[in-house]
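Shown here: my_file-v7.txt, compact mmCIF, C-alpha atoms.
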```
# COMPACT_ATOMS: atom_id res chain seq x y z
CA MET A 7 0.00 0.00 0.00
CA SER A 8 1.10 3.56 -0.64
CA ILE A 9 1.52 5.95 2.30
CA ALA A 10 -1.76 7.68 1.39
CA ASP A 11 -3.62 4.36 1.12
CA THR A 12 -2.27 3.30 4.50
CA ALA A 13 -3.41 6.60 6.02
CA LEU A 14 -6.90 6.10 4.56
CA TRP A 15 -7.07 2.64 6.10
CA VAL A 16 -5.97 3.98 9.50
CA ILE A 17 -8.57 6.76 9.36
CA GLU A 18 -11.45 4.49 8.36
CA ARG A 19 -10.43 1.65 10.70
CA ASN A 20 -10.15 3.95 13.72
CA SER A 21 -13.05 6.32 13.09
CA SER A 22 -14.11 6.28 16.76
CA GLN A 23 -10.58 6.61 18.19
CA GLU A 24 -8.62 9.76 18.95
CA LEU A 25 -6.45 10.47 15.92
CA THR A 26 -3.90 13.21 15.30
CA LEU A 27 -1.60 13.93 12.40
CA GLY A 28 1.22 12.54 14.53
CA SER A 29 -0.56 9.30 15.43
CA ILE A 30 -1.60 8.64 11.83
CA ALA A 31 1.96 9.34 10.66
CA ALA A 32 3.32 6.95 13.31
CA ALA A 33 0.97 4.23 12.08
CA CYS A 34 2.28 4.84 8.55
CA LYS A 35 5.89 4.81 9.88
CA VAL A 36 6.72 8.25 8.44
CA SER A 37 7.09 11.79 9.77
CA ARG A 38 4.13 14.16 10.00
CA SER A 39 5.55 16.25 7.16
CA HIS A 40 6.00 13.16 4.97
CA LEU A 41 2.42 12.05 5.64
CA ALA A 42 1.01 15.51 4.92
CA ASN A 43 2.84 15.65 1.59
CA ALA A 44 2.02 12.07 0.61
CA PHE A 45 -1.68 12.38 1.40
CA GLY A 46 -2.06 15.90 0.05
CA THR A 47 -0.42 15.25 -3.32
CA ALA A 48 -2.32 11.99 -3.80
CA SER A 49 -5.77 13.20 -2.74
CA GLY A 50 -5.86 17.00 -2.78
CA TRP A 51 -6.99 16.89 0.86
CA PRO A 52 -5.15 17.93 4.04
CA VAL A 53 -5.13 14.85 6.30
CA MET A 54 -6.94 16.38 9.26
CA LYS A 55 -9.50 18.19 7.15
CA TYR A 56 -10.37 14.90 5.45
CA LEU A 57 -10.56 13.15 8.83
CA ARG A 58 -12.97 15.78 10.17
CA ALA A 59 -15.10 15.71 7.02
CA ARG A 60 -15.37 11.92 7.08
CA ARG A 61 -16.30 11.80 10.76
CA LEU A 62 -18.91 14.53 10.43
CA SER A 63 -20.35 12.84 7.32
CA GLU A 64 -20.82 9.58 9.21
CA ALA A 65 -22.24 11.49 12.18
CA ALA A 66 -24.74 13.17 9.84
CA ARG A 67 -25.88 9.76 8.58
CA GLN A 68 -26.59 8.64 12.13
CA LEU A 69 -28.46 11.84 12.95
CA ALA A 70 -30.59 11.67 9.80
CA GLY A 71 -31.40 8.09 10.77
CA GLY A 72 -32.88 9.31 14.03
CA ALA A 73 -30.05 8.96 16.57
CA PRO A 74 -31.72 9.69 19.91
CA ASP A 75 -28.79 11.38 21.67
CA ILE A 76 -26.68 14.01 19.88
CA LEU A 77 -24.02 14.03 22.61
CA SER A 78 -23.49 10.29 22.21
CA VAL A 79 -22.93 10.81 18.47
CA ALA A 80 -20.54 13.67 19.22
CA LEU A 81 -18.50 11.53 21.62
CA GLU A 82 -18.42 8.60 19.19
CA PHE A 83 -16.80 10.78 16.54
CA GLY A 84 -14.21 12.40 18.74
CA TYR A 85 -15.89 15.57 20.05
CA GLY A 86 -15.76 16.19 23.77
CA SER A 87 -18.88 18.33 24.05
CA HIS A 88 -22.19 19.07 22.37
CA GLU A 89 -21.01 22.64 21.71
CA ALA A 90 -17.77 21.63 19.97
CA PHE A 91 -19.62 19.10 17.83
CA THR A 92 -22.33 21.60 16.84
CA ARG A 93 -19.72 24.21 15.90
CA ALA A 94 -17.77 21.78 13.73
CA PHE A 95 -20.97 20.39 12.19
CA ARG A 96 -22.20 23.87 11.26
CA ASP A 97 -18.82 24.79 9.76
CA GLN A 98 -18.90 21.64 7.62
CA PHE A 99 -22.52 21.61 6.47
CA GLY A 100 -24.02 25.03 7.20
CA THR A 101 -26.67 23.57 9.50
CA THR A 102 -26.92 22.10 13.00
CA PRO A 103 -27.07 18.48 14.17
CA GLU A 104 -30.57 19.13 15.59
CA GLU A 105 -31.87 20.32 12.23
CA VAL A 106 -30.52 17.23 10.44
CA ARG A 107 -31.95 14.86 13.05
CA ASN A 108 -35.34 16.59 13.07
CA GLY A 109 -35.49 16.69 9.28
CA GLY A 110 -34.42 13.07 8.86
CA SER A 111 -32.77 13.83 5.51
CA LEU A 112 -29.29 14.21 4.02
CA ASP A 113 -30.51 15.74 0.77
CA ARG A 114 -28.93 19.18 1.22
CA LEU A 115 -25.67 18.04 2.81
CA GLU A 116 -22.44 17.65 0.86
CA LEU A 117 -21.21 14.46 2.48
CA VAL A 118 -17.65 13.23 2.01
CA ALA A 119 -17.43 9.57 1.03
CA PRO A 120 -14.33 7.41 1.63
CA LEU A 121 -11.64 8.29 -0.88
CA ARG A 122 -10.55 5.89 -3.55
CA LEU A 123 -7.18 7.08 -4.75
CA ARG A 124 -6.45 6.87 -8.45
CA ASP A 125 -3.40 5.00 -9.64
CA GLY A 126 -0.45 7.31 -10.13
CA ARG A 127 0.35 8.15 -13.72
CA ALA A 128 4.04 8.66 -13.03
CA ARG A 129 6.45 5.74 -12.79
CA THR A 130 8.15 5.36 -9.45
CA PRO A 131 11.29 7.51 -9.79
CA ILE A 132 14.70 6.46 -8.48
CA PRO A 133 16.51 9.09 -6.38
CA ALA A 134 20.13 10.17 -6.40
CA LEU A 135 21.62 11.21 -3.05
CA ARG A 136 23.35 14.57 -3.25
CA GLN A 137 24.71 17.16 -0.87
CA LEU A 138 23.65 20.76 -1.24
CA GLY A 139 25.62 23.60 0.31
CA LYS A 140 24.19 26.71 1.88
CA ARG A 141 21.91 28.71 -0.38
CA ARG A 142 20.71 32.30 0.00
CA LEU A 143 17.43 33.00 -1.75
CA VAL A 144 15.20 35.97 -2.47
CA GLY A 145 11.71 35.43 -3.73
CA LEU A 146 7.96 35.86 -3.64
CA SER A 147 6.23 33.72 -1.00
CA ALA A 148 2.51 32.95 -0.74
CA PRO A 149 0.31 30.60 1.29
CA CYS A 150 -0.83 27.48 -0.52
CA SER A 151 -2.65 24.21 0.10
CA TYR A 152 -3.16 20.93 -1.72
CA GLU A 153 -6.63 22.15 -2.68
CA ALA A 154 -5.35 25.36 -4.25
CA THR A 155 -2.10 24.60 -6.10
CA ILE A 156 -3.73 26.08 -9.21
CA GLY A 157 -2.52 29.46 -7.94
CA ILE A 158 1.18 28.57 -8.24
CA PRO A 159 1.51 29.30 -12.01
CA ALA A 160 0.05 32.80 -11.45
CA GLN A 161 2.52 33.31 -8.61
CA TRP A 162 5.39 32.42 -10.94
CA GLN A 163 4.02 34.82 -13.56
CA ALA A 164 3.95 37.66 -11.04
CA PHE A 165 7.44 36.88 -9.74
CA MET A 166 9.09 36.68 -13.16
CA SER A 167 7.31 39.66 -14.71
CA GLU A 168 7.28 42.06 -11.75
CA HIS A 169 10.23 41.22 -9.48
CA TYR A 170 12.86 38.94 -11.01
CA GLU A 171 14.85 41.48 -13.02
CA ALA A 172 15.12 43.92 -10.09
CA ILE A 173 16.74 41.38 -7.73
CA ALA A 174 20.43 42.24 -7.31
CA ASP A 175 23.44 39.89 -7.05
CA LYS A 176 21.82 36.85 -8.60
CA VAL A 177 24.12 33.80 -8.53
CA GLN A 178 22.41 32.01 -11.38
CA MET A 179 19.64 32.94 -13.76
CA MET A 180 17.38 29.90 -13.38
CA PRO A 181 14.73 30.39 -10.67
CA ILE A 182 14.07 27.95 -7.83
CA GLY A 183 10.75 26.82 -6.31
CA ILE A 184 10.57 26.18 -2.56
CA CYS A 185 7.79 24.24 -0.81
CA ARG A 186 7.87 24.81 2.94
CA ALA A 187 6.79 21.95 5.22
CA PRO A 188 2.99 21.76 5.62
CA ASP A 189 1.33 22.52 8.94
CA GLU A 190 -1.31 20.52 10.82
CA ASP A 191 -4.05 21.75 8.47
CA GLY A 192 -2.11 20.93 5.29
CA SER A 193 -1.26 24.55 4.48
CA PHE A 194 2.24 25.46 3.35
CA GLU A 195 4.20 28.37 1.94
CA TYR A 196 5.34 28.21 -1.66
CA MET A 197 8.15 30.53 -2.74
CA CYS A 198 9.27 31.51 -6.24
CA ALA A 199 12.91 32.49 -5.76
CA VAL A 200 16.36 33.01 -7.16
CA GLU A 201 19.73 32.43 -5.50
CA VAL A 202 21.69 35.54 -4.48
CA LYS A 203 25.31 36.05 -3.43
CA SER A 204 24.79 37.53 0.02
CA ALA A 205 22.20 38.04 2.74
CA ALA A 206 19.87 40.92 2.02
CA SER A 207 16.64 42.54 3.15
CA PRO A 208 14.65 42.85 -0.06
CA ARG A 209 11.75 45.22 -0.47
CA LYS A 210 8.32 43.83 0.22
CA PRO A 211 6.57 41.75 -0.99
CA LEU A 212 9.84 39.83 -1.57
CA ALA A 213 11.41 37.83 1.25
CA TYR A 214 14.85 36.42 2.08
CA LEU A 215 15.43 32.74 2.94
CA GLU A 216 18.55 30.75 3.82
CA ILE A 217 18.79 27.01 3.14
CA GLU A 218 21.32 25.24 5.36
CA PRO A 219 23.64 22.48 4.03
CA ARG A 220 22.20 18.96 4.10
CA THR A 221 21.68 15.77 2.12
CA TYR A 222 18.84 15.48 -0.39
CA ALA A 223 17.14 12.79 -2.40
CA VAL A 224 17.04 14.21 -5.92
CA PHE A 225 14.35 13.19 -8.42
CA GLU A 226 14.01 14.06 -12.10
CA HIS A 227 10.75 15.43 -13.46
CA ALA A 228 11.14 15.32 -17.23
CA GLY A 229 7.52 15.91 -18.24
CA HIS A 230 5.47 19.07 -18.58
CA VAL A 231 5.52 21.18 -15.42
CA SER A 232 1.73 20.84 -15.10
CA THR A 233 2.19 17.12 -14.28
CA ILE A 234 4.65 17.70 -11.45
CA PHE A 235 2.13 16.59 -8.80
CA ASP A 236 2.04 13.13 -10.37
CA THR A 237 5.78 12.94 -9.73
CA TYR A 238 5.38 14.28 -6.21
CA THR A 239 2.70 11.68 -5.50
CA ALA A 240 5.03 8.90 -6.66
CA ILE A 241 7.92 10.32 -4.62
CA TRP A 242 6.07 10.67 -1.32
CA ASN A 243 3.98 7.52 -1.57
CA GLU A 244 6.33 5.06 -3.26
CA ALA A 245 9.87 6.17 -4.08
CA LEU A 246 11.05 7.33 -0.65
CA PRO A 247 9.65 4.29 1.21
CA ALA A 248 11.03 1.93 -1.45
CA ALA A 249 14.49 3.46 -1.07
CA GLY A 250 14.33 3.35 2.73
CA LEU A 251 14.75 7.13 2.98
CA ASN A 252 13.26 9.36 5.69
CA ALA A 253 12.27 12.86 4.65
CA ALA A 254 13.20 15.69 7.00
CA ASN A 255 10.80 18.40 8.08
CA GLY A 256 12.37 21.02 5.82
CA PRO A 257 11.83 22.90 2.56
CA VAL A 258 11.58 20.92 -0.68
CA LEU A 259 13.45 22.56 -3.56
CA GLU A 260 12.61 22.62 -7.28
CA PHE A 261 15.60 23.43 -9.52
CA HIS A 262 14.62 24.19 -13.11
CA ASN A 263 16.89 22.67 -15.73
CA ASP A 264 18.88 24.97 -18.00
CA ALA A 265 16.64 23.84 -20.86
CA PHE A 266 13.43 24.78 -19.03
CA ASP A 267 11.20 27.09 -21.07
CA PRO A 268 8.67 29.05 -18.94
CA ASP A 269 6.64 29.87 -22.05
CA THR A 270 5.94 26.21 -22.85
CA GLY A 271 6.42 24.54 -19.44
CA LEU A 272 8.80 22.04 -21.04
CA GLY A 273 12.44 21.28 -20.28
CA GLY A 274 12.13 19.56 -16.93
CA LEU A 275 13.35 20.17 -13.40
CA THR A 276 14.75 18.31 -10.40
CA ILE A 277 12.97 17.90 -7.07
CA TRP A 278 15.19 17.93 -3.97
CA ILE A 279 13.71 16.26 -0.87
CA PRO A 280 15.61 16.97 2.40
CA LEU A 281 16.61 13.84 4.31
CA ASP A 282 17.01 13.01 7.97
CA GLY A 283 20.42 11.86 9.10
CA ASP A 284 23.88 12.31 7.63
CA ARG A 285 24.31 10.51 4.33
CA ASN A 286 27.06 10.58 1.78
CA GLY A 287 26.42 12.25 -1.54
CA SER A 288 28.10 14.24 -4.26
CA ALA A 289 28.70 17.89 -3.48
CA THR A 290 26.79 20.49 -5.45
```
Show me, as structure tokens, the structure contained in the file I just sent.
Amino acid sequence: MSIADTALWVIERNSSQELTLGSIAAACKVSRSHLANAFGTASGWPVMKYLRARRLSEAARQLAGGAPDILSVALEFGYGSHEAFTRAFRDQFGTTPEEVRNGGSLDRLELVAPLRLRDGRARTPIPALRQLGKRRLVGLSAPCSYEATIGIPAQWQAFMSEHYEAIADKVQMMPIGICRAPDEDGSFEYMCAVEVKSAASPRKPLAYLEIEPRTYAVFEHAGHVSTIFDTYTAIWNEALPAAGLNAANGPVLEFHNDAFDPDTGLGGLTIWIPLDGDRNGSAT
């Protein structure tokens, strides 16, 4: 099973148990960051948001079926009080548990069914282990989530057309993408950046970021840039576990190849996944 499939099994098998991102990750034998990336790229859902939606959907089914005690339903699905359950239920469905129980219908609720993940379209890539020295970066950062990655191309357009040329002391001309580690809700910062020679305090909205030296698992993405999430899905769910590699809770880097053409999206790039532990690799 892939990491995402294992997480789905854990969630559905333990629907009445207390679950956290950490406990699900432990059951999958990966870090919280690894789980968030594996599940998010494969499904488009943050882990905990999916867990909440599934639990509330099953709770709604019980209420519409005439469950006599709302507090008992709340406790069964992990809520410690009637108030907390009602608040979460209203946020999810726009109505209250009482209204669903009294109406005896699910017709106007957007329930979330158990996910069935599609087979990945990318072959499982084989990583190369490489060392990367310290990097100083300046770029445009914006919040992102697995549900809203469609905004990344527009972010790149804004960075290249409005900010790139004005950045001083660029080390190399090819830009770099940076995915910060996701938080508990599956949100992360994505940064369009370029390497610079020295530390600086750029004008807003640009930001400065330093990447410390460490070992990376490096994967090739040779296809069109729009299919990069297929490669990410294969990396997080299959390639890293198959290689026995543990991802660190750090930024993932995307280095565009010299042949990359931003007008066509062709030319390929490499994806650099930070690793836990000290491993040998070729210096870069």
Surrounding residues of A:Thr92 excluding itself and chain neighbours under 4 positions, 9 Å, all atoms listed in the file, as a short mmCIF file (atom, residue, chain, number, x, y, z; two decimals) with C-alpha atoms, in the frame of the given file:
```cif
data_model
loop_
_atom_site.label_atom_id
_atom_site.label_comp_id
_atom_site.auth_asym_id
_atom_site.auth_seq_id
_atom_site.Cartn_x
_atom_site.Cartn_y
_atom_site.Cartn_z
CA ALA A 80 -20.54 13.67 19.22
CA SER A 87 -18.88 18.33 24.05
CA HIS A 88 -22.19 19.07 22.37
CA ARG A 96 -22.20 23.87 11.26
CA ASP A 97 -18.82 24.79 9.76
CA THR A 101 -26.67 23.57 9.50
CA THR A 102 -26.92 22.10 13.00
CA PRO A 103 -27.07 18.48 14.17
CA GLU A 104 -30.57 19.13 15.59
#
```
Check the smallest atom-to-atom distance from each of A:Glu168, A:Asp282, A:Glu190, A:Asp267 to A:Tyr222 using only C-alpha atoms, then report the winner.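 Smallest separation from A:Tyr222 among the options: A:Asp282.
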One residue among A:Glu64, A:Glu260, A:Asp269, A:Asp236 is nearest to A:Ile184 when using only C-alpha atoms, and that residue is A:Glu260
So, counting all atoms listed in the file, which residue among A:Ser232, A:Ser49, A:Asn108, A:Ser204 is closest to A:Leu272?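 Of A:Ser232, A:Ser49, A:Asn108, A:Ser204, the one nearest A:Leu272 is A:Ser232, counting all atoms listed in the file.
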Close residues, A:Gly256 itself excluded, 7 Å, all atoms listed in the file, min 5 positions apart in chain, as a short mmCIF file (atom, residue, chain, number, x, y, z; two decimals) with C-alpha atoms, in the frame of the given file:
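See part.cif below for the written result:
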```
data_model
loop_
_atom_site.label_atom_id
_atom_site.label_comp_id
_atom_site.auth_asym_id
_atom_site.auth_seq_id
_atom_site.Cartn_x
_atom_site.Cartn_y
_atom_site.Cartn_z
CA ARG A 186 7.87 24.81 2.94
CA ALA A 187 6.79 21.95 5.22
CA PRO A 280 15.61 16.97 2.40
#
```
So that I can check the surroundings of A:Ser29, please list as a list of chain:residue names every protein, DNA and RNA residue that reaches within 12 Å of it, counting only C-alpha atoms and ignoring chain neighbours fewer than 4 positions away. A:Ala13, A:Val16, A:Ile17, A:Asn20, A:Gln23, A:Glu24, A:Leu25, A:Ala33, A:Cys34, A:Lys35, A:Val36, A:Ser37, A:Arg38, A:Leu41, A:Val53, A:Met54
Extract, using only C-alpha atoms, all DNA, RNA and protein residues at most 9 Å from A:Arg141, discarding same-chain residues fewer than 2 positions from it, and format them as a list in words. Leu138, Gly139, Leu143, Glu201, Val202, Lys203, Leu215, Glu216, Ile217, Glu218 and Pro219 of chain A
Pull C-alpha atoms from the residues just selected and write them as a PDB file, in the coordinates of the input.
```pdb
ATOM      1  CA  LEU A 138      23.650  20.760  -1.240  1.00  0.00           C
ATOM      2  CA  GLY A 139      25.620  23.600   0.310  1.00  0.00           C
ATOM      3  CA  LEU A 143      17.430  33.000  -1.750  1.00  0.00           C
ATOM      4  CA  GLU A 201      19.730  32.430  -5.500  1.00  0.00           C
ATOM      5  CA  VAL A 202      21.690  35.540  -4.480  1.00  0.00           C
ATOM      6  CA  LYS A 203      25.310  36.050  -3.430  1.00  0.00           C
ATOM      7  CA  LEU A 215      15.430  32.740   2.940  1.00  0.00           C
ATOM      8  CA  GLU A 216      18.550  30.750   3.820  1.00  0.00           C
ATOM      9  CA  ILE A 217      18.790  27.010   3.140  1.00  0.00           C
ATOM     10  CA  GLU A 218      21.320  25.240   5.360  1.00  0.00           C
ATOM     11  CA  PRO A 219      23.640  22.480   4.030  1.00  0.00           C
TER      12      PRO A 219
END
```
Rounded to one decimal, what separation in Å do you get between atom CA of A:Leu146 and atom CA of A:Phe165? 6.2 Å
Could you give me, as a PyMOL selection string, the residues that sit within 10 Å of (10.1, 12.1, -11.1) in the file's coordinates, counting all atoms listed in the file? chain A and resi 128-133+224-229+233-241+245+274-277
Name the closest residue to A:Ile279 among the candidates A:Gln178, A:Ser78, A:Asn43, A:Gln68; distances are taken between atoms, counting only C-alpha atoms. A:Asn43
